[in-house]
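To be precise, the following lines are coords-v2.tsv, and they hold TSV, C-alpha atoms.
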```tsv
chain	number	residue	atom	x	y	z
A	1	MET	CA	0.00	0.00	0.00
A	2	PRO	CA	1.50	3.37	-0.97
A	3	SER	CA	2.47	5.69	1.88
A	4	ASN	CA	0.17	8.49	0.62
A	5	ALA	CA	-2.88	6.22	0.83
A	6	ARG	CA	-2.01	5.34	4.42
A	7	THR	CA	-1.56	9.02	5.29
A	8	SER	CA	-4.96	9.79	3.79
A	9	GLU	CA	-6.50	7.11	6.05
A	10	LEU	CA	-5.24	9.12	9.02
A	11	ARG	CA	-6.42	12.40	7.48
A	12	VAL	CA	-9.91	10.98	6.95
A	13	PHE	CA	-9.92	9.72	10.55
A	14	LEU	CA	-8.86	13.12	11.92
A	15	ARG	CA	-11.47	14.89	9.78
A	16	ARG	CA	-14.21	12.56	11.04
A	17	LEU	CA	-13.17	12.80	14.69
A	18	PRO	CA	-14.91	16.11	15.64
A	19	LEU	CA	-18.20	14.88	14.14
A	20	ALA	CA	-17.72	11.51	15.81
A	21	LEU	CA	-17.24	13.31	19.13
A	22	VAL	CA	-20.57	15.11	18.67
A	23	GLY	CA	-22.25	11.79	17.78
A	24	ALA	CA	-20.72	10.13	20.83
A	25	VAL	CA	-21.95	12.91	23.12
A	26	ILE	CA	-25.49	12.54	21.70
A	27	LEU	CA	-25.39	8.74	22.19
A	28	TRP	CA	-24.05	9.18	25.72
A	29	ALA	CA	-26.74	11.75	26.57
A	30	LEU	CA	-29.46	9.44	25.21
A	31	THR	CA	-28.29	6.34	27.10
A	32	ARG	CA	-27.39	8.09	30.38
A	33	PRO	CA	-30.94	8.08	31.87
A	34	VAL	CA	-31.00	4.29	31.56
A	35	TYR	CA	-27.31	3.64	32.13
A	36	ALA	CA	-26.87	5.56	35.40
A	37	PRO	CA	-29.60	3.68	37.38
A	38	ALA	CA	-28.38	0.34	35.98
A	39	LEU	CA	-24.82	1.19	37.02
A	40	CYS	CA	-25.87	2.09	40.58
A	41	ALA	CA	-28.10	-0.99	40.92
A	42	THR	CA	-25.41	-3.40	39.67
A	43	ALA	CA	-22.69	-1.91	41.90
A	44	GLN	CA	-25.01	-2.04	44.92
A	45	PHE	CA	-25.92	-5.66	44.13
A	46	LEU	CA	-22.23	-6.62	43.98
A	47	ALA	CA	-21.46	-4.74	47.20
A	48	ARG	CA	-24.22	-6.62	49.03
A	49	VAL	CA	-23.39	-10.11	47.72
A	50	PHE	CA	-21.02	-10.96	50.58
A	51	GLU	CA	-22.60	-8.72	53.23
A	52	VAL	CA	-24.57	-9.92	56.23
A	53	PRO	CA	-26.82	-8.02	56.69
A	54	PRO	CA	-26.76	-6.36	53.26
A	55	ALA	CA	-26.60	-2.66	54.08
A	56	SER	CA	-24.30	-0.97	51.56
A	57	ALA	CA	-26.31	1.49	49.53
A	58	ILE	CA	-25.83	3.38	46.29
A	59	VAL	CA	-28.66	5.79	45.61
A	60	LEU	CA	-28.97	7.74	42.38
A	61	GLN	CA	-29.64	11.43	42.97
A	62	GLY	CA	-29.72	13.49	39.80
A	63	GLY	CA	-26.37	12.92	38.13
A	64	ASP	CA	-24.73	11.83	41.38
A	65	ALA	CA	-24.47	8.57	43.25
A	66	VAL	CA	-24.97	8.86	46.99
A	67	LEU	CA	-22.93	6.19	48.75
A	68	GLY	CA	-23.43	4.97	52.30
A	69	ARG	CA	-24.91	2.32	54.60
A	70	THR	CA	-28.52	1.85	55.54
A	71	ASP	CA	-27.63	0.45	58.99
A	72	MET	CA	-26.15	3.78	60.10
A	73	ARG	CA	-28.18	6.68	61.34
A	74	ALA	CA	-29.47	8.94	58.61
A	75	GLY	CA	-27.13	11.68	57.48
A	76	SER	CA	-23.91	10.13	58.74
A	77	GLY	CA	-21.05	9.16	56.47
A	78	TRP	CA	-22.84	9.48	53.14
A	79	LEU	CA	-20.81	10.57	50.14
A	80	LYS	CA	-22.12	12.25	47.00
A	81	PHE	CA	-20.09	11.19	43.99
A	82	PRO	CA	-20.56	12.51	40.43
A	83	LEU	CA	-21.31	9.54	38.16
A	84	THR	CA	-20.05	11.45	35.12
A	85	GLN	CA	-16.54	11.11	36.58
A	86	ILE	CA	-16.95	7.34	36.15
A	87	HIS	CA	-18.70	6.93	32.81
A	88	PHE	CA	-17.59	9.98	30.80
A	89	ASN	CA	-14.96	7.79	29.10
A	90	LEU	CA	-17.73	6.22	27.00
A	91	VAL	CA	-17.63	9.44	24.98
A	92	PRO	CA	-13.97	9.36	23.85
A	93	PHE	CA	-14.22	5.60	23.28
A	94	LEU	CA	-17.33	5.90	21.07
A	95	ALA	CA	-15.83	8.90	19.25
A	96	LEU	CA	-12.65	6.97	18.43
A	97	VAL	CA	-14.70	4.01	17.19
A	98	LEU	CA	-17.13	6.09	15.13
A	99	ALA	CA	-14.27	7.99	13.46
A	100	LEU	CA	-12.79	4.74	12.10
A	101	PRO	CA	-13.63	3.73	8.53
A	102	HIS	CA	-16.52	1.21	8.55
A	103	PRO	CA	-16.35	0.51	12.30
A	104	LEU	CA	-19.45	-1.70	12.38
A	105	SER	CA	-18.80	-3.89	9.35
A	106	SER	CA	-17.39	-7.46	9.42
A	107	GLY	CA	-18.01	-8.23	13.07
A	108	GLY	CA	-17.53	-4.64	14.21
A	109	TRP	CA	-20.85	-4.65	16.06
A	110	ARG	CA	-19.84	-7.70	18.04
A	111	ARG	CA	-16.48	-6.16	18.98
A	112	LEU	CA	-18.13	-2.87	19.89
A	113	LEU	CA	-20.59	-4.65	22.18
A	114	LEU	CA	-17.80	-6.66	23.81
A	115	ALA	CA	-15.67	-3.54	24.36
A	116	GLY	CA	-18.75	-1.70	25.66
A	117	ALA	CA	-19.41	-4.54	28.11
A	118	ILE	CA	-15.80	-4.36	29.37
A	119	LEU	CA	-16.04	-0.58	29.75
A	120	ALA	CA	-19.37	-0.91	31.58
A	121	SER	CA	-17.83	-3.53	33.90
A	122	SER	CA	-15.02	-1.11	34.68
A	123	HIS	CA	-17.64	1.52	35.60
A	124	VAL	CA	-19.41	-0.88	37.95
A	125	LEU	CA	-16.11	-1.80	39.61
A	126	ALA	CA	-15.04	1.86	39.83
A	127	LEU	CA	-18.28	2.70	41.68
A	128	LEU	CA	-17.92	-0.37	43.88
A	129	TRP	CA	-14.36	0.59	44.90
A	130	GLN	CA	-15.54	4.13	45.69
A	131	LEU	CA	-18.10	2.64	48.07
A	132	LYS	CA	-15.60	0.24	49.64
A	133	TYR	CA	-13.06	3.06	50.02
A	134	LEU	CA	-15.67	5.17	51.78
A	135	GLU	CA	-16.55	2.31	54.12
A	136	ALA	CA	-12.92	1.41	54.79
A	137	PHE	CA	-11.62	4.93	55.43
A	138	SER	CA	-14.35	7.45	56.17
A	139	MET	CA	-16.75	5.93	58.70
A	140	GLY	CA	-14.69	6.53	61.82
A	141	PRO	CA	-14.52	3.74	64.41
A	142	TRP	CA	-16.86	1.58	62.30
A	143	SER	CA	-14.26	1.55	59.46
A	144	GLY	CA	-11.49	0.56	61.88
A	145	ALA	CA	-13.60	-2.25	63.36
A	146	ASN	CA	-14.69	-3.71	60.02
A	147	TYR	CA	-11.71	-3.23	57.69
A	148	SER	CA	-8.15	-4.38	58.36
A	149	ASP	CA	-5.07	-2.43	57.28
A	150	VAL	CA	-4.58	-4.86	54.39
A	151	ALA	CA	-8.18	-4.39	53.23
A	152	ARG	CA	-7.77	-0.62	53.45
A	153	ASN	CA	-4.62	-0.74	51.31
A	154	VAL	CA	-6.28	-3.03	48.76
A	155	TYR	CA	-9.38	-0.84	48.43
A	156	GLY	CA	-7.28	2.34	48.36
A	157	THR	CA	-5.17	0.94	45.51
A	158	LEU	CA	-8.19	-0.32	43.58
A	159	ARG	CA	-9.96	3.00	43.96
A	160	TYR	CA	-6.86	4.88	42.75
A	161	PHE	CA	-6.40	2.64	39.72
A	162	PHE	CA	-10.05	2.74	38.69
A	163	ASP	CA	-10.29	6.47	39.40
A	164	ILE	CA	-7.48	7.63	37.11
A	165	PRO	CA	-5.45	5.07	35.07
A	166	VAL	CA	-8.32	2.75	34.11
A	167	THR	CA	-10.73	5.60	33.42
A	168	PHE	CA	-8.28	7.40	31.16
A	169	ALA	CA	-6.45	4.51	29.49
A	170	LEU	CA	-9.17	1.90	28.97
A	171	PRO	CA	-10.84	3.70	26.02
A	172	LEU	CA	-7.55	3.64	24.11
A	173	LEU	CA	-6.78	0.03	25.05
A	174	LEU	CA	-10.24	-1.17	24.04
A	175	TRP	CA	-10.11	0.83	20.84
A	176	VAL	CA	-6.79	-0.69	19.77
A	177	GLY	CA	-7.75	-4.14	21.07
A	178	SER	CA	-11.14	-4.19	19.35
A	179	TYR	CA	-10.13	-2.69	16.02
A	180	PRO	CA	-6.43	-3.59	15.65
A	181	LYS	CA	-6.47	-3.78	11.86
A	182	GLN	CA	-8.08	-0.39	11.41
A	183	VAL	CA	-5.98	1.33	14.10
A	184	PHE	CA	-2.68	-0.12	12.91
A	185	ALA	CA	-3.61	0.76	9.35
A	186	LEU	CA	-4.00	4.37	10.51
A	187	VAL	CA	-0.39	4.45	11.71
A	188	GLY	CA	0.90	2.61	8.68
A	189	LEU	CA	1.39	-0.87	10.09
A	190	GLY	CA	-0.58	-3.83	8.80
A	191	ASP	CA	-3.18	-3.99	6.05
A	192	PRO	CA	-5.30	-0.90	5.71
A	193	VAL	CA	-9.04	-1.35	5.89
A	194	ARG	CA	-10.73	-1.78	2.52
A	195	ARG	CA	-12.99	1.06	1.51
B	1	MET	CA	7.84	-0.39	-1.38
B	2	PRO	CA	10.95	0.32	0.70
B	3	ALA	CA	12.47	-2.41	2.78
B	4	CYS	CA	10.95	-2.84	6.20
B	5	PRO	CA	13.38	-1.95	9.01
B	6	ARG	CA	14.35	-4.64	11.45
B	7	HIS	CA	12.21	-3.47	14.38
B	8	LEU	CA	9.11	-3.48	12.18
B	9	LYS	CA	9.70	-6.87	10.61
B	10	GLY	CA	7.10	-9.60	10.84
B	11	PRO	CA	3.45	-9.42	9.82
B	12	PRO	CA	1.53	-7.22	12.28
B	13	PHE	CA	-1.55	-9.40	12.11
B	14	ASP	CA	0.00	-12.79	11.76
B	15	ARG	CA	-2.79	-15.01	12.96
B	16	ARG	CA	-1.15	-18.28	11.97
B	17	SER	CA	-2.34	-20.46	14.76
B	18	ARG	CA	-0.47	-22.80	17.01
B	19	ALA	CA	-2.86	-25.47	15.76
B	20	GLN	CA	-0.51	-25.74	12.81
B	21	HIS	CA	1.98	-27.11	15.30
B	22	ASN	CA	-0.64	-29.19	17.13
B	23	GLN	CA	-0.59	-26.85	20.11
B	24	PRO	CA	-3.73	-25.64	21.88
B	25	VAL	CA	-4.91	-22.17	20.87
B	26	THR	CA	-6.73	-19.58	22.94
B	27	PRO	CA	-8.17	-16.35	21.53
B	28	VAL	CA	-6.09	-14.33	24.01
B	29	ARG	CA	-2.87	-16.11	22.99
B	30	THR	CA	-3.68	-15.62	19.34
B	31	PHE	CA	-4.34	-11.94	19.94
B	32	LEU	CA	-1.15	-11.50	21.99
B	33	SER	CA	0.89	-13.09	19.21
B	34	THR	CA	-0.01	-10.18	16.89
B	35	SER	CA	1.67	-6.76	16.89
B	36	ALA	CA	-1.56	-5.21	18.11
B	37	GLY	CA	-1.76	-7.73	20.95
B	38	ARG	CA	1.83	-7.11	21.97
B	39	PHE	CA	1.21	-3.38	21.83
B	40	VAL	CA	-1.88	-3.63	24.08
B	41	ALA	CA	-0.08	-5.91	26.57
B	42	THR	CA	3.06	-3.74	26.71
B	43	TYR	CA	0.98	-0.58	26.91
B	44	ALA	CA	-1.07	-1.92	29.84
B	45	LEU	CA	2.09	-3.10	31.64
B	46	VAL	CA	4.03	0.17	31.20
B	47	LEU	CA	0.99	2.20	32.19
B	48	SER	CA	0.28	0.11	35.30
B	49	VAL	CA	3.88	0.27	36.49
B	50	SER	CA	4.17	4.02	35.89
B	51	PHE	CA	0.90	4.77	37.71
B	52	LEU	CA	1.98	2.50	40.55
B	53	VAL	CA	5.25	4.44	40.84
B	54	LEU	CA	3.34	7.74	40.83
B	55	ALA	CA	1.15	6.49	43.68
B	56	LEU	CA	4.14	6.00	46.00
B	57	ARG	CA	4.23	8.67	48.69
B	58	PRO	CA	7.88	9.76	48.14
B	59	VAL	CA	7.25	10.10	44.40
B	60	ASN	CA	4.03	11.99	45.09
B	61	ASP	CA	5.80	14.36	47.51
B	62	ARG	CA	8.96	14.93	45.47
B	63	VAL	CA	7.69	14.74	41.89
B	64	VAL	CA	3.90	14.98	41.54
B	65	ASN	CA	3.29	17.86	43.97
B	66	PRO	CA	6.15	20.07	42.65
B	67	TYR	CA	5.00	19.27	39.11
B	68	THR	CA	1.43	20.30	39.98
B	69	THR	CA	2.77	23.54	41.46
B	70	LEU	CA	4.69	24.13	38.22
B	71	VAL	CA	1.45	23.68	36.22
B	72	SER	CA	-0.25	26.20	38.54
B	73	HIS	CA	2.54	28.72	37.89
B	74	GLU	CA	2.34	28.18	34.12
B	75	ALA	CA	-1.41	28.83	34.22
B	76	ARG	CA	-0.83	31.89	36.43
B	77	LEU	CA	1.63	33.26	33.87
B	78	VAL	CA	-0.94	32.94	31.08
B	79	LEU	CA	-3.74	34.40	33.22
B	80	ASN	CA	-1.57	37.37	34.15
B	81	LEU	CA	-0.75	37.95	30.48
B	82	LEU	CA	-4.51	38.21	30.03
B	83	GLY	CA	-4.64	40.76	32.87
B	84	GLU	CA	-6.16	38.60	35.60
B	85	GLY	CA	-3.74	39.38	38.43
B	86	ALA	CA	-3.66	35.73	39.52
B	87	VAL	CA	-1.51	34.35	42.33
B	88	VAL	CA	-0.52	30.82	43.29
B	89	SER	CA	-0.54	29.48	46.81
B	90	GLY	CA	0.58	25.85	46.92
B	91	GLN	CA	-1.56	24.28	44.24
B	92	VAL	CA	-4.36	26.83	44.42
B	93	LEU	CA	-4.63	29.34	41.62
B	94	SER	CA	-6.66	32.39	42.52
B	95	SER	CA	-7.55	35.85	41.39
B	96	PRO	CA	-10.08	38.35	42.75
B	97	ARG	CA	-12.64	36.71	40.44
B	98	PHE	CA	-12.18	32.97	40.99
B	99	SER	CA	-10.01	30.25	42.51
B	100	VAL	CA	-9.19	26.72	41.36
B	101	ALA	CA	-7.26	24.00	43.16
B	102	ILE	CA	-5.23	21.79	40.86
B	103	PHE	CA	-5.21	18.23	42.14
B	104	ASN	CA	-3.66	14.96	41.07
B	105	GLY	CA	-5.60	14.00	37.95
B	106	CYS	CA	-5.91	17.63	36.80
B	107	ASN	CA	-2.20	18.30	36.38
B	108	GLY	CA	-1.91	16.59	32.97
B	109	LEU	CA	0.39	13.86	34.28
B	110	GLU	CA	-2.16	11.15	33.57
B	111	ALA	CA	-2.47	12.25	29.93
B	112	ILE	CA	1.33	12.39	29.65
B	113	LEU	CA	1.69	8.86	31.06
B	114	ILE	CA	-1.00	7.51	28.74
B	115	PHE	CA	0.76	9.06	25.75
B	116	VAL	CA	4.25	8.02	26.88
B	117	SER	CA	3.09	4.43	27.48
B	118	GLY	CA	1.65	4.36	23.95
B	119	VAL	CA	4.96	5.62	22.54
B	120	VAL	CA	7.05	3.16	24.58
B	121	ALA	CA	4.84	0.21	23.57
B	122	PHE	CA	4.91	1.07	19.87
B	123	PRO	CA	7.39	-0.81	17.67
B	124	ALA	CA	9.82	2.02	16.83
B	125	SER	CA	13.47	2.77	17.56
B	126	TRP	CA	14.36	4.27	20.96
B	127	ARG	CA	15.62	7.50	19.34
B	128	ARG	CA	12.21	8.07	17.73
B	129	LYS	CA	10.48	7.16	20.96
B	130	LEU	CA	12.58	9.71	22.85
B	131	VAL	CA	11.68	12.46	20.37
B	132	GLY	CA	8.00	11.45	20.69
B	133	ILE	CA	8.16	11.56	24.48
B	134	VAL	CA	9.79	15.02	24.61
B	135	VAL	CA	7.53	16.61	21.97
B	136	GLY	CA	4.42	14.89	23.37
B	137	PHE	CA	5.26	16.01	26.91
B	138	LEU	CA	5.54	19.65	25.80
B	139	ALA	CA	2.37	19.46	23.68
B	140	ILE	CA	0.31	17.93	26.49
B	141	GLN	CA	1.73	20.47	28.95
B	142	ALA	CA	0.60	23.30	26.68
B	143	PHE	CA	-2.80	21.63	26.16
B	144	ASN	CA	-3.24	21.27	29.92
B	145	VAL	CA	-2.42	24.92	30.57
B	146	VAL	CA	-5.10	25.87	28.02
B	147	ARG	CA	-7.45	23.53	29.89
B	148	VAL	CA	-6.71	25.07	33.31
B	149	VAL	CA	-6.99	28.63	32.00
B	150	SER	CA	-10.25	27.90	30.18
B	151	LEU	CA	-11.69	26.21	33.29
B	152	PHE	CA	-10.66	29.26	35.31
B	153	TYR	CA	-12.68	31.50	32.98
B	154	VAL	CA	-15.62	29.07	32.90
B	155	GLY	CA	-15.61	29.13	36.71
B	156	ALA	CA	-15.37	32.93	36.79
B	157	LEU	CA	-17.94	33.66	34.10
B	158	ARG	CA	-20.28	30.62	34.09
B	159	PRO	CA	-19.79	28.76	37.40
B	160	GLN	CA	-22.82	26.53	36.70
B	161	TRP	CA	-20.93	25.06	33.73
B	162	PHE	CA	-17.73	24.42	35.64
B	163	SER	CA	-18.49	20.85	36.69
B	164	VAL	CA	-19.57	19.64	33.26
B	165	SER	CA	-16.64	21.43	31.59
B	166	HIS	CA	-14.16	20.03	34.08
B	167	VAL	CA	-15.31	16.42	34.28
B	168	PHE	CA	-16.97	15.78	30.97
B	169	ILE	CA	-15.71	18.08	28.21
B	170	TRP	CA	-12.06	18.58	29.12
B	171	GLN	CA	-11.37	15.06	30.36
B	172	SER	CA	-12.81	13.63	27.14
B	173	LEU	CA	-10.76	16.09	25.11
B	174	VAL	CA	-7.60	15.18	27.03
B	175	ILE	CA	-8.04	11.48	26.12
B	176	VAL	CA	-8.79	12.26	22.48
B	177	PHE	CA	-5.87	14.71	22.29
B	178	GLY	CA	-3.47	12.08	23.69
B	179	VAL	CA	-4.68	9.50	21.14
B	180	VAL	CA	-4.45	11.94	18.21
B	181	LEU	CA	-0.95	12.97	19.28
B	182	TRP	CA	0.09	9.31	19.46
B	183	LEU	CA	-1.42	8.55	16.04
B	184	VAL	CA	0.32	11.50	14.42
B	185	TRP	CA	3.65	10.64	16.06
B	186	ALA	CA	3.37	7.00	15.01
B	187	ARG	CA	2.24	7.73	11.44
B	188	ARG	CA	4.25	10.81	10.60
B	189	TYR	CA	7.42	10.07	12.51
B	190	ALA	CA	7.88	6.56	13.87
B	191	VAL	CA	6.69	4.59	10.84
B	192	GLU	CA	7.22	7.05	7.99
B	193	ARG	CA	10.83	7.77	8.97
B	194	ALA	CA	11.43	4.07	9.59
B	195	HIS	CA	10.51	3.36	5.97
B	196	GLU	CA	12.80	6.07	4.56
```

Please go through the file and, once you have read it, give me the structure as structure tokens.
Amino acid sequence: MPSNARTSELRVFLRRLPLALVGAVILWALTRPVYAPALCATAQFLARVFEVPPASAIVLQGGDAVLGRTDMRAGSGWLKFPLTQIHFNLVPFLALVLALPHPLSSGGWRRLLLAGAILASSHVLALLWQLKYLEAFSMGPWSGANYSDVARNVYGTLRYFFDIPVTFALPLLLWVGSYPKQVFALVGLGDPVRR
Amino acid sequence: MPACPRHLKGPPFDRRSRAQHNQPVTPVRTFLSTSAGRFVATYALVLSVSFLVLALRPVNDRVVNPYTTLVSHEARLVLNLLGEGAVVSGQVLSSPRFSVAIFNGCNGLEAILIFVSGVVAFPASWRRKLVGIVVGFLAIQAFNVVRVVSLFYVGALRPQWFSVSHVFIWQSLVIVFGVVLWLVWARRYAVERAHE
């Protein structure tokens, strides 16, 4: 494949990217009313799986998740956390996918759904670690009595990794991992995608 | 077609399976045997290690915090050029109109690490990687100063938009900017020059 053709692949991608970003924002805005409650419900379900009695709570309040425990008196130790901070990375991921040439052809749908499922799982885990971090560190004597130093370190590390590195890097990893041929064609390695 | 340099040799999407050699095949193994798979694995490893190092308290105290203060001073310089009369106290940037605290995650280091990990994991020579890292670092620094300054003005002029601008718009743009920078470096410099 001539070098000029490969360069034009990248040019086309860069030209499509702003429009793809707008499309991704629209998709994100449309799915958010359904996605946010599902995210909170799944994270709460996971948090309660090994709890006796199940008391961890994640309540959706506008665009925020309110994290706490139902077995504590009302108003104590509840944390309001903006859900956008967790799931905003759907936008750059979708934009990168939509800007690719023919992203949904030849199994592209399947790969998009799989990548979307992985990204959604990372959101559930990110919210879960926020809750566990809150319980392990911010509930005074109750935290000390129920979480060991090892548990605190584990939840602190998980929260940190899911808060910054995973949130920022996963869209790129999933994009390259799901569409390797197209992405490597953009940089001039491998076979370019047929038009 | 010019000859392929040594570090780029081998088909990037060689999916010849181990079944040819009567060995069991897994989709993950097959994927990891490709250039894309190796890139993703190396990228994830470099990124995890670098973020782990950043999380260490001595590194945070001696590198991350001074770096964040530097970013605050760069933003102050730009704001003062625009006549804001801003001052920096620790990592808080303030003027009579508005104040912002620059925390870990807002200092641009995460975008730099994501870009640098992509450059390190890409199959190119170390000289080209070094050029990519230096140029990318400076570009992301400049981009982040624009981000901080714009957020300062959003906070001063439209405080109700600050949260959505900070979390949603700028963080998405930071990721996309890092990816675009990596693509351009890889296409225009790492691969194109390698084929010359």

Give me the box for segment 175-186 of chain B as lines of an AutoDock Vina configuration file, namely the centre and edge lengths in Å to one decimal of a box along x, y and z that holds every listed atom plus 5 Å on each side.
```
center_x = -2.6
center_y = 10.9
center_z = 20.3
size_x = 22.4
size_y = 17.7
size_z = 21.7
```

Compile the contact shell of His73 of chain B as a JSON list (two decimals) with C-alpha atoms, in the frame of the given file: residues with an atom at most 12 Å away, counting only C-alpha atoms, same-chain residues fewer than 4 positions apart removed.
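Generated output (out13.json):
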```
[["chain", "number", "residue", "atom", "x", "y", "z"],
["B", 66, "PRO", "CA", 6.15, 20.07, 42.65],
["B", 67, "TYR", "CA", 5.00, 19.27, 39.11],
["B", 68, "THR", "CA", 1.43, 20.30, 39.98],
["B", 69, "THR", "CA", 2.77, 23.54, 41.46],
["B", 77, "LEU", "CA", 1.63, 33.26, 33.87],
["B", 78, "VAL", "CA", -0.94, 32.94, 31.08],
["B", 79, "LEU", "CA", -3.74, 34.40, 33.22],
["B", 80, "ASN", "CA", -1.57, 37.37, 34.15],
["B", 86, "ALA", "CA", -3.66, 35.73, 39.52],
["B", 87, "VAL", "CA", -1.51, 34.35, 42.33],
["B", 88, "VAL", "CA", -0.52, 30.82, 43.29],
["B", 89, "SER", "CA", -0.54, 29.48, 46.81],
["B", 90, "GLY", "CA", 0.58, 25.85, 46.92],
["B", 91, "GLN", "CA", -1.56, 24.28, 44.24],
["B", 92, "VAL", "CA", -4.36, 26.83, 44.42],
["B", 93, "LEU", "CA", -4.63, 29.34, 41.62],
["B", 94, "SER", "CA", -6.66, 32.39, 42.52],
["B", 102, "ILE", "CA", -5.23, 21.79, 40.86],
["B", 107, "ASN", "CA", -2.20, 18.30, 36.38],
["B", 145, "VAL", "CA", -2.42, 24.92, 30.57],
["B", 148, "VAL", "CA", -6.71, 25.07, 33.31],
["B", 149, "VAL", "CA", -6.99, 28.63, 32.00]]
```

What residues in chain A have any atom no more than 6 Å from chain B when counting only C-alpha atoms, and can you write them as a VMD selection string? chain A and resid 85 88 92 180 187 to 188 190

Export C-alpha atoms of the chosen residues as a short mmCIF file (atom, residue, chain, number, x, y, z; two decimals), keeping the file's coordinate frame?
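Heads up, here's the output in again01.cif:
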```cif
data_model
loop_
_atom_site.label_atom_id
_atom_site.label_comp_id
_atom_site.auth_asym_id
_atom_site.auth_seq_id
_atom_site.Cartn_x
_atom_site.Cartn_y
_atom_site.Cartn_z
CA GLN A 85 -16.54 11.11 36.58
CA PHE A 88 -17.59 9.98 30.80
CA PRO A 92 -13.97 9.36 23.85
CA PRO A 180 -6.43 -3.59 15.65
CA VAL A 187 -0.39 4.45 11.71
CA GLY A 188 0.90 2.61 8.68
CA GLY A 190 -0.58 -3.83 8.80
#
```

Report, in Å to a single decimal, how far apart atom CA of Val91 of chain A and atom CA of Ser33 of chain B are.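 Computed distance, atom CA of Ser33 of chain B to atom CA of Val91 of chain A, equals 29.7 Å.
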
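One distance worth recording is that between atom CA of Ile118 of chain A and atom CA of Pro171 of chain A, which is 10.0 Å.
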
Could you jot down the atom CA of Phe143 of chain B to atom CA of Pro18 of chain A separation for me, Å, one decimal place?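 Taking atom CA of Phe143 of chain B as the start and atom CA of Pro18 of chain A as the end point, the length is 17.0 Å.
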
For Leu170 of chain A, which of A:Ser106, A:Ser143, A:Ser8, A:Asn89 is the closest residue, counting all atoms listed in the file?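 The shortest atom-to-atom distance to Leu170 of chain A comes from A:Asn89.
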
Nearest to Phe161 of chain A among A:Ala36, A:Leu114, A:Leu96, A:Ala126, with distances taken over only C-alpha atoms: which residue is it? A:Ala126
